[in-house]
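Data block for start14.tsv (TSV, C-alpha atoms and all ligand atoms):
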chain	number	residue	atom	x	y	z
A	2	MET	CA	-15.50	68.46	36.36
A	3	SER	CA	-14.06	70.88	33.86
A	4	ARG	CA	-14.98	70.54	30.26
A	5	LYS	CA	-11.40	69.66	29.52
A	6	LYS	CA	-11.39	66.94	32.15
A	7	LYS	CA	-14.70	65.63	30.87
A	8	LEU	CA	-13.29	65.39	27.39
A	9	LYS	CA	-10.22	63.63	28.66
A	10	SER	CA	-12.16	61.03	30.65
A	11	LYS	CA	-14.39	60.45	27.61
A	12	TYR	CA	-11.24	59.93	25.54
A	13	ILE	CA	-9.83	57.46	28.05
A	14	PHE	CA	-13.15	55.62	28.20
A	15	ARG	CA	-13.15	55.26	24.43
A	16	ARG	CA	-9.61	53.97	24.42
A	17	VAL	CA	-10.42	51.39	27.07
A	18	LEU	CA	-13.52	50.37	25.14
A	19	PHE	CA	-11.42	50.05	21.99
A	20	VAL	CA	-8.83	47.85	23.70
A	21	VAL	CA	-11.55	45.66	25.24
A	22	LEU	CA	-13.22	45.24	21.87
A	23	LEU	CA	-9.90	44.44	20.26
A	24	LEU	CA	-9.15	41.75	22.85
A	25	LEU	CA	-12.63	40.33	22.38
A	26	LEU	CA	-12.13	40.15	18.63
A	27	LEU	CA	-8.75	38.49	19.01
A	28	GLY	CA	-10.27	35.93	21.37
A	29	LEU	CA	-13.07	35.16	18.96
A	30	GLY	CA	-10.59	34.89	16.13
A	31	ALA	CA	-8.51	32.35	18.04
A	32	LEU	CA	-11.60	30.35	18.90
A	33	GLY	CA	-12.69	30.35	15.29
A	34	LEU	CA	-9.29	29.18	14.16
A	35	ARG	CA	-9.32	26.34	16.64
A	36	GLU	CA	-12.74	25.31	15.44
A	37	LEU	CA	-11.44	25.28	11.90
A	38	LEU	CA	-8.44	23.14	12.84
A	39	GLY	CA	-10.29	20.85	15.22
A	40	PRO	CA	-12.12	18.51	12.83
A	41	GLN	CA	-9.03	18.11	10.66
A	42	GLU	CA	-7.06	16.71	13.55
A	43	GLU	CA	-9.83	14.26	14.28
A	44	GLU	CA	-9.85	13.14	10.67
A	45	ASN	CA	-6.14	12.39	10.73
A	46	SER	CA	-6.14	10.41	13.92
A	47	GLY	CA	-9.58	8.90	13.73
A	48	SER	CA	-10.24	7.28	10.41
A	49	SER	CA	-7.68	5.34	8.49
A	50	GLY	CA	-10.25	4.31	5.94
A	51	PRO	CA	-12.59	1.35	5.77
A	52	GLY	CA	-11.72	-1.56	8.00
A	53	SER	CA	-9.47	0.42	10.29
A	54	SER	CA	-9.56	-1.99	13.18
A	55	PRO	CA	-6.01	-2.73	14.33
A	56	ALA	CA	-6.39	-6.42	13.60
A	57	SER	CA	-7.16	-5.72	9.98
A	58	GLN	CA	-3.99	-3.75	9.32
A	59	PRO	CA	-1.23	-5.95	10.55
A	60	GLU	CA	1.33	-5.01	7.95
A	61	PRO	CA	4.53	-4.94	9.94
A	62	PRO	CA	7.19	-2.25	9.68
A	63	ALA	CA	8.82	-1.74	6.33
A	64	THR	CA	12.23	-2.99	7.31
A	65	GLN	CA	12.89	-5.21	4.32
A	66	THR	CA	15.39	-4.12	1.74
A	67	GLY	CA	14.67	-6.90	-0.71
A	68	GLY	CA	11.30	-7.58	-2.20
A	69	GLU	CA	8.24	-5.64	-1.34
A	70	PRO	CA	9.31	-4.37	2.00
A	71	GLU	CA	6.23	-5.15	3.95
A	72	GLY	CA	7.26	-8.56	5.21
A	73	GLY	CA	7.81	-9.66	8.78
A	74	LEU	CA	5.74	-12.05	10.73
A	75	SER	CA	4.94	-9.99	13.79
A	76	GLN	CA	1.34	-8.97	13.41
A	77	SER	CA	0.96	-6.84	16.49
A	78	ARG	CA	2.06	-3.52	15.14
A	79	PRO	CA	-0.70	-1.52	13.50
A	80	GLU	CA	0.05	0.01	10.15
A	81	PRO	CA	1.72	3.40	10.52
A	82	LEU	CA	-0.46	6.40	9.77
A	83	PRO	CA	-0.42	7.17	6.09
A	84	GLU	CA	1.50	10.22	5.03
A	85	PRO	CA	-0.52	13.32	4.33
A	86	GLU	CA	-1.84	13.57	0.82
A	87	PRO	CA	0.98	15.09	-1.23
A	88	GLU	CA	0.53	18.36	-3.06
A	89	PRO	CA	-0.44	17.96	-6.67
A	90	GLY	CA	2.76	17.61	-8.63
A	91	SER	CA	4.72	15.93	-5.87
A	92	GLN	CA	3.13	12.60	-6.77
A	93	PRO	CA	5.84	10.05	-7.55
A	94	GLU	CA	6.66	9.77	-11.21
A	95	PRO	CA	5.78	6.52	-12.93
A	96	PRO	CA	8.59	3.95	-13.11
A	97	SER	CA	11.01	3.08	-15.87
A	98	SER	CA	8.69	3.78	-18.79
A	99	GLN	CA	8.62	7.48	-17.80
A	100	GLU	CA	5.16	7.59	-19.36
A	101	ALA	CA	2.13	7.97	-17.15
A	102	PRO	CA	0.43	4.60	-16.69
A	103	LYS	CA	-2.92	4.03	-18.37
A	104	PRO	CA	-5.96	3.68	-16.15
A	105	ALA	CA	-6.47	0.02	-15.24
A	106	ASP	CA	-9.47	-1.54	-17.00
A	107	LEU	CA	-11.92	-2.27	-14.21
A	108	ASP	CA	-14.83	-3.36	-16.40
A	109	GLY	CA	-13.58	-6.82	-17.38
A	110	ASP	CA	-13.54	-10.05	-15.35
A	111	TRP	CA	-12.83	-9.12	-11.72
A	112	ASN	CA	-10.29	-11.91	-11.33
A	113	LEU	CA	-8.28	-10.85	-14.41
A	114	VAL	CA	-7.88	-7.18	-13.54
A	115	LEU	CA	-4.42	-5.96	-14.52
A	116	ILE	CA	-2.77	-3.49	-12.17
A	117	ASN	CA	0.90	-3.05	-12.99
A	118	PRO	CA	3.50	-0.37	-13.74
A	119	THR	CA	1.62	0.58	-16.92
A	120	HIS	CA	-1.96	0.10	-15.69
A	121	ALA	CA	-2.80	2.07	-12.57
A	122	ILE	CA	-5.89	2.59	-10.48
A	123	GLU	CA	-6.72	6.22	-9.77
A	124	LYS	CA	-8.72	5.69	-6.60
A	125	GLU	CA	-9.27	2.89	-4.13
A	126	LEU	CA	-11.34	0.01	-5.45
A	127	ASP	CA	-14.63	-0.90	-3.86
A	128	ILE	CA	-13.80	-4.21	-2.20
A	129	GLU	CA	-15.66	-6.42	0.25
A	130	PHE	CA	-13.02	-7.75	2.59
A	131	ASP	CA	-12.41	-10.87	4.58
A	132	GLU	CA	-9.28	-11.77	6.52
A	133	VAL	CA	-6.87	-14.68	6.58
A	134	GLN	CA	-4.12	-14.74	9.22
A	135	GLY	CA	-4.99	-11.14	10.00
A	136	TYR	CA	-4.48	-9.91	6.42
A	137	LYS	CA	-7.25	-8.41	4.32
A	138	PHE	CA	-8.26	-9.79	0.92
A	139	ASP	CA	-11.21	-9.63	-1.46
A	140	LYS	CA	-13.63	-11.95	0.27
A	141	ARG	CA	-14.21	-13.89	-2.97
A	142	ILE	CA	-10.75	-15.45	-2.63
A	143	THR	CA	-10.25	-16.01	1.10
A	144	GLY	CA	-11.83	-19.48	0.95
A	145	LYS	CA	-9.25	-20.44	-1.68
A	146	ILE	CA	-6.39	-19.05	0.40
A	147	ARG	CA	-7.51	-21.11	3.39
A	148	GLU	CA	-7.77	-24.23	1.19
A	149	LEU	CA	-4.28	-23.64	-0.15
A	150	ILE	CA	-2.78	-23.22	3.32
A	151	ALA	CA	-4.61	-26.32	4.61
A	152	ALA	CA	-3.49	-28.44	1.64
A	153	ALA	CA	0.09	-27.33	2.19
A	154	LYS	CA	-0.17	-28.27	5.84
A	155	GLU	CA	-1.28	-31.78	4.86
A	156	ASP	CA	1.89	-32.04	2.80
A	157	GLY	CA	3.97	-30.93	5.79
A	158	ILE	CA	4.40	-27.37	4.53
A	159	SER	CA	3.67	-24.51	6.95
A	160	LEU	CA	2.95	-21.21	5.28
A	161	ALA	CA	2.58	-17.67	6.58
A	162	ILE	CA	1.07	-14.71	4.78
A	163	VAL	CA	3.17	-11.56	5.08
A	164	SER	CA	1.14	-9.17	2.95
A	165	GLY	CA	-2.37	-8.84	1.56
A	166	TYR	CA	-4.50	-5.89	0.56
A	167	ARG	CA	-2.67	-2.59	0.53
A	168	THR	CA	-4.06	0.94	0.29
A	169	MET	CA	-2.67	3.54	-2.10
A	170	ASP	CA	-1.50	5.55	0.93
A	171	ARG	CA	0.41	2.55	2.17
A	172	SER	CA	2.07	2.12	-1.22
A	173	ARG	CA	2.95	5.81	-1.31
A	174	LEU	CA	4.66	5.48	2.05
A	175	LEU	CA	6.59	2.33	1.07
A	176	TYR	CA	7.57	3.80	-2.29
A	177	ASN	CA	8.77	7.10	-0.83
A	178	ASN	CA	10.77	5.24	1.82
A	179	LYS	CA	12.44	3.20	-0.92
A	180	ILE	CA	13.26	6.32	-2.94
A	181	ALA	CA	14.82	7.87	0.16
A	182	GLU	CA	16.91	4.72	0.66
A	183	TYR	CA	18.32	4.99	-2.88
A	184	LYS	CA	18.94	8.72	-2.53
A	185	ASN	CA	20.90	8.01	0.64
A	186	MET	CA	22.98	5.64	-1.44
A	187	GLY	CA	23.80	8.54	-3.78
A	188	TYR	CA	21.21	8.12	-6.54
A	189	ASP	CA	19.74	11.31	-7.99
A	190	ASP	CA	15.98	11.77	-7.80
A	191	ALA	CA	15.06	10.29	-11.20
A	192	ALA	CA	17.37	7.28	-10.83
A	193	ALA	CA	16.13	6.66	-7.29
A	194	ARG	CA	12.53	6.58	-8.49
A	195	VAL	CA	13.28	4.09	-11.26
A	196	ALA	CA	15.30	1.85	-8.94
A	197	ALA	CA	12.68	2.01	-6.18
A	198	ALA	CA	9.89	1.07	-8.59
A	199	ARG	CA	11.52	-2.30	-9.31
A	200	TRP	CA	11.03	-3.20	-5.64
A	201	VAL	CA	7.99	-1.27	-4.53
A	202	ALA	CA	5.15	-0.48	-6.88
A	203	PRO	CA	4.35	3.25	-6.94
A	204	PRO	CA	0.91	4.08	-5.53
A	205	GLY	CA	-1.84	3.00	-7.91
A	206	THR	CA	0.29	0.39	-9.66
A	207	SER	CA	0.53	-2.29	-6.97
A	208	GLU	CA	-1.45	-5.46	-7.51
A	209	HIS	CA	-1.95	-5.54	-3.74
A	210	HIS	CA	-4.51	-2.73	-4.23
A	211	SER	CA	-6.84	-5.32	-5.78
A	212	GLY	CA	-7.13	-7.52	-2.69
A	213	LEU	CA	-6.30	-10.43	-5.03
A	214	ALA	CA	-2.58	-10.70	-4.30
A	215	MET	CA	-0.70	-12.14	-1.37
A	216	ASP	CA	2.89	-12.44	-0.29
A	217	ILE	CA	3.28	-15.82	1.36
A	218	VAL	CA	6.38	-17.56	2.70
A	219	SER	CA	7.39	-20.35	5.06
A	220	ALA	CA	6.11	-20.03	8.63
A	221	ASP	CA	9.71	-19.89	9.91
A	222	TYR	CA	10.89	-17.61	7.10
A	223	TYR	CA	12.22	-14.83	9.30
A	224	THR	CA	14.34	-17.19	11.35
A	225	LYS	CA	16.29	-17.79	8.11
A	226	TYR	CA	16.07	-14.48	6.28
A	227	SER	CA	15.72	-10.85	7.28
A	228	ASP	CA	14.34	-9.73	3.93
A	229	LEU	CA	12.13	-11.09	1.21
A	230	VAL	CA	14.83	-12.56	-1.00
A	231	GLU	CA	15.00	-14.54	-4.25
A	232	ALA	CA	16.83	-17.35	-2.45
A	233	PHE	CA	13.45	-18.39	-1.06
A	234	GLU	CA	12.76	-19.99	-4.47
A	235	ASN	CA	14.87	-23.01	-3.44
A	236	ASP	CA	13.02	-23.64	-0.19
A	237	LYS	CA	10.49	-26.46	-0.10
A	238	GLU	CA	7.71	-24.00	0.67
A	239	ALA	CA	8.38	-21.90	-2.43
A	240	ILE	CA	8.62	-25.03	-4.54
A	241	TRP	CA	5.35	-26.34	-3.14
A	242	LEU	CA	3.66	-22.99	-3.78
A	243	LYS	CA	4.84	-22.85	-7.37
A	244	ASP	CA	3.77	-26.44	-8.05
A	245	ASN	CA	0.38	-26.22	-6.34
A	246	CYS	CA	-0.83	-22.62	-6.51
A	247	ALA	CA	-2.83	-23.11	-9.72
A	248	ARG	CA	-5.03	-25.78	-8.08
A	249	PHE	CA	-6.40	-22.99	-5.91
A	250	GLY	CA	-6.59	-20.36	-8.64
A	251	PHE	CA	-3.27	-18.63	-7.97
A	252	ILE	CA	-0.31	-17.86	-10.19
A	253	LEU	CA	3.31	-17.01	-9.48
A	254	ARG	CA	2.90	-13.43	-10.59
A	255	PHE	CA	6.48	-12.23	-11.14
A	256	PRO	CA	8.43	-15.17	-12.60
A	257	LYS	CA	12.21	-15.11	-12.86
A	258	ASP	CA	12.30	-15.15	-16.66
A	259	LYS	CA	9.63	-12.46	-17.14
A	260	THR	CA	11.11	-9.45	-15.35
A	261	GLU	CA	11.55	-7.58	-18.63
A	262	ILE	CA	7.82	-7.87	-19.29
A	263	THR	CA	6.47	-7.42	-15.78
A	264	GLY	CA	8.94	-4.67	-14.88
A	265	ILE	CA	9.12	-6.27	-11.42
A	266	ASN	CA	11.96	-8.34	-9.99
A	267	PHE	CA	11.49	-12.07	-9.46
A	268	GLU	CA	9.29	-12.55	-6.39
A	269	PRO	CA	8.94	-16.22	-5.42
A	270	TRP	CA	6.60	-15.13	-2.58
A	271	HIS	CA	4.01	-13.10	-4.52
A	272	PHE	CA	0.91	-14.98	-5.71
A	273	ARG	CA	-2.10	-13.58	-7.50
A	274	TYR	CA	-5.60	-15.02	-7.73
A	275	VAL	CA	-6.98	-15.34	-11.28
A	276	GLY	CA	-9.25	-18.39	-10.84
A	277	GLU	CA	-8.39	-22.04	-11.42
A	278	GLU	CA	-9.06	-22.19	-15.13
A	279	HIS	CA	-6.80	-19.25	-16.00
A	280	ALA	CA	-4.23	-20.17	-13.36
A	281	LYS	CA	-3.74	-23.67	-14.80
A	282	LYS	CA	-3.20	-22.34	-18.32
A	283	ILE	CA	-0.85	-19.59	-17.16
A	284	MET	CA	1.29	-21.87	-14.98
A	285	GLU	CA	1.35	-24.76	-17.48
A	286	GLN	CA	2.40	-22.49	-20.32
A	287	GLY	CA	4.90	-20.61	-18.17
A	288	LEU	CA	3.40	-17.21	-18.90
A	289	CYS	CA	3.11	-14.04	-16.92
A	290	LEU	CA	-0.26	-12.32	-16.63
A	291	GLU	CA	0.71	-9.60	-19.10
A	292	GLU	CA	1.44	-12.22	-21.77
A	293	TYR	CA	-1.74	-14.13	-21.04
A	294	LEU	CA	-3.81	-10.97	-21.38
A	295	GLY	CA	-1.89	-9.73	-24.44
A	296	GLU	CA	-0.79	-6.59	-22.62
A	297	THR	CA	2.94	-6.82	-23.08
A	298	ASP	CA	3.70	-3.30	-24.30
B	1	ZN	ZN	3.62	-8.77	-3.23

What do you get writing this file as structure tokens?
Ligand SMILES: [Zn+2]
Amino acid sequence: MSRKKKLKSKYIFRRVLFVVLLLLLLGLGALGLRELLGPQEEENSGSSGPGSSPASQPEPPATQTGGEPEGGLSQSRPEPLPEPEPEPGSQPEPPSSQEAPKPADLDGDWNLVLINPTHAIEKELDIEFDEVQGYKFDKRITGKIRELIAAAKEDGISLAIVSGYRTMDRSRLLYNNKIAEYKNMGYDDAAARVAAARWVAPPGTSEHHSGLAMDIVSADYYTKYSDLVEAFENDKEAIWLKDNCARFGFILRFPKDKTEITGINFEPWHFRYVGEEHAKKIMEQGLCLEEYLGETD
């Protein structure tokens, strides 16, 4: 072999070696990338937070246009996957007040915690759950819910829960859906947010985060209505609930004549546990929780 040829074959060998090394590196890079992405995928599909068994998340599709749109009696459909955590800054603005809500006071009596448009939780509360009719609640109140439903039954009133505990992710999804609905109707972004907040509490401000609130209607509700609607107030079930809820520690949380104070539309289906003593005073005096707690501003 001539010196020239030797040099040339050496050159070719180096080139081949270089290409092989390059391919090897690319392969390793791809593997590494997949490794990086792998666990994230698992996280998204695997864990939907504590109590992620399908039976514990029966909130049906958000098809309602009136009320908090989580109603519906079919309990077979698992809760849709929460949306990905939004980028900082894309968090929905607070409702009408335009001011950021204060942090909810979590150090007082557990049954009097105030979570509303002006008092928000910043992270999920630490709750021990129990279930009634497939819906999750703080386990300290499920006995009372069962008593209430049984007492109604004795009076010939059949009740069905349509919403219980709700995660912040779930609220974010419902709220964003509602905003989109209003935008489709021609509202601009700010107006859509304000309008949506009267129906669906923005994440962090829904009382359902506490595990102390339930939406409850007649067992045959959805044979009469397609949405949660105010007209329910005239049904015997709504009347029974209003008249009897306090005996079991519940209050009608968003009364018709208090919408200016609560910032939430009249919801004859939404009941909140506060304990019998407080519930009796609140219902007898015709107050809303904000008034009772002196938190009306
Ligand atoms: Zn509700």

Subject >> ligand ZN 1 (chain B) neighbours within 10 Å using all atoms listed in the file, as a PyMOL selection string >> reply: chain A and resi 68-72+163-167+200-202+207-209+214-217+229+254-255+268-273

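Going from CA of Trp111 (chain A) over to CA of Glu291 (chain A), you cover 15.4 Å.
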
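Considering only C-alpha atoms, the residue among A:Lys281, A:Lys154, A:Lys259, A:His120 positioned nearest to Glu238 (chain A) is A:Lys154.
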
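Environment of (-10.6, -1.9, -20.2): residues at most 12 Å away, judged by all atoms listed in the file, are Lys103, Pro104, Ala105, Asp106, Leu107, Asp108, Gly109, Asp110, Trp111, Leu113, Val114, Leu115, Ile116, His120, Ala121, Ile122, Leu294 and Glu296 of chain A.
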
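One finds CA of Ile146 (chain A) at 19.3 Å from CA of Lys282 (chain A).
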
Original post:
Within 9 Å of Val133 (chain A), counting all atoms listed in the file, which residues qualify if same-chain residues fewer than 3 places away don't, as a PyMOL selection string?
Top reply: chain A and resi 136-138+143-144+146-147+162+165

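The coordinates place CA of Arg141 (chain A) at 15.9 Å from CA of His279 (chain A).
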
**OP:** Within 10 Å of (12.5, 3.8, -0.4) (coordinates as in the file), grab all the protein and nucleic acid residues, counting all atoms listed in the file, and write them out as an MDAnalysis selection string.
**Re:** chainID A and resid 63 66 70 173:185 193:194 196:198 200:201
